[in-house]
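Beneath this line is the structure, given in structure tokens, with notes to follow.
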Amino acid sequence: MIDGAHAPGQTDLNIDQIGADFYVGNCHKWMMAPKESGFLHVRREMQSIIELFIAGWGYESEKPGSSRLIDYVEWQGTRDISAFLSVPAAIKFMRNHSWDKVESSCHDLLRGFRQAMTDATDLPPITPDSRDWYAQIAAFPLPACDGEGLQTALYEQFHVELPITSWNDQSFIRVSVQAYNEQSDLEALIAGLKDLLPEYSRAGTRNDSER
């Protein structure tokens, strides 16, 4: 089973070539389709083992079609399927706007950002400088800090919205570059980090009575 949430629209994807039993992806992240346009691809040999939490109209159908899985999931009462119906339009938009060039431009912008991030945090990148490791999204380490407070301050003071997470007692910031982003957006992030990191580092984090 592969969690490929960020792959569609950000990198070349051939699910049949991957050959996974199950592949889960999202079209709302990099294809810019609406939320709830995620999908589950199940290799044909594995479709018979799928059971649903929500019984669709074709569950244990008296007139089954050629695919038990499609019978199960194709029609689930009053569920709004408009998000799924928008996906072909998203694909057409990407094709009409040479999305391979957009992806490459976004990658180059993020690649140029790596050194600025290192200068701001005094920490090296966690991956090699190669498209094999990142495309339009990359995580960067942060000094030990109040990640939740820093994330909120970046949004409120610098109008920068992105996630800051913690893993193995290490904080990371995840930076995404999409077609609508510009160099100035990344510069705003760097300015925010330089201004706020001293305040939200573990050593400098304010206690609740000081906030």
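Following the order of the structure tokens, first chain is A, next is B, and so on, with residues numbered from 1 inside each chain and ligands from 1 in the order they appear.
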- Message: When you look at Glu60 of chain A with a cut-off of 12 Å (counting only C-alpha atoms), what residues show up, excluding the ones that are within fewer than 6 positions of it in the same chain? I need them as an NGL selection string.
- Response: :A and (51-52 or 67-73)
Write the residues you've just listed into a file as a JSON list (two decimals), in the first residue's frame, and include C-alpha atoms for each of them.
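Saved the output as result_28.json:
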[["chain", "number", "residue", "atom", "x", "y", "z"],
["A", 51, "GLU", "CA", -15.01, -4.01, 2.36],
["A", 52, "LEU", "CA", -16.57, -0.61, 3.01],
["A", 67, "SER", "CA", -16.75, -4.92, -10.99],
["A", 68, "ARG", "CA", -17.79, -5.68, -7.42],
["A", 69, "LEU", "CA", -15.70, -2.72, -6.22],
["A", 70, "ILE", "CA", -17.47, -0.27, -8.53],
["A", 71, "ASP", "CA", -20.83, -1.69, -7.46],
["A", 72, "TYR", "CA", -19.86, -0.98, -3.85],
["A", 73, "VAL", "CA", -18.59, 2.58, -4.23]]
- Query: Which parts of segment 35-181 of chain A does DSSP call alpha helix (DSSP H) when run on the backbone here, written out as a PyMOL selection string?
  - Reply: chain A and resi 68-73+82-85+87-96+99-121+147-158
- Give the answer as one residue: which of A:Gly9, A:Pro141, A:Gly77, A:Pro124 has the shortest atom-to-atom distance to Trp57 of chain A, using only C-alpha atoms? A:Gly77
- Message: If we count only C-alpha atoms and set the cut-off at 9 Å, which residues sit around Asn26 of chain A, ignoring sequence neighbours fewer than 6 positions away in its own chain? Please answer as a VMD selection string.
- Response: chain A and resid 4 to 8 33 35 to 40
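All residues of protein, DNA or RNA that reach within 10 Å of Gly149 of chain A, judged by only C-alpha atoms and not counting those fewer than 4 positions away in the chain, are Cys145, Ala153, Leu154, Ile164, Leu196, Glu199, Tyr200, Ser201, Thr205 and Arg206 of chain A.
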- Got a sec: who's within 12 Å of Thr118 of chain A, counting only C-alpha atoms, leaving out chain neighbours fewer than 3 positions off, as an MDAnalysis selection string? chainID A and resid 111:115 121:126 139:143 190 193:194
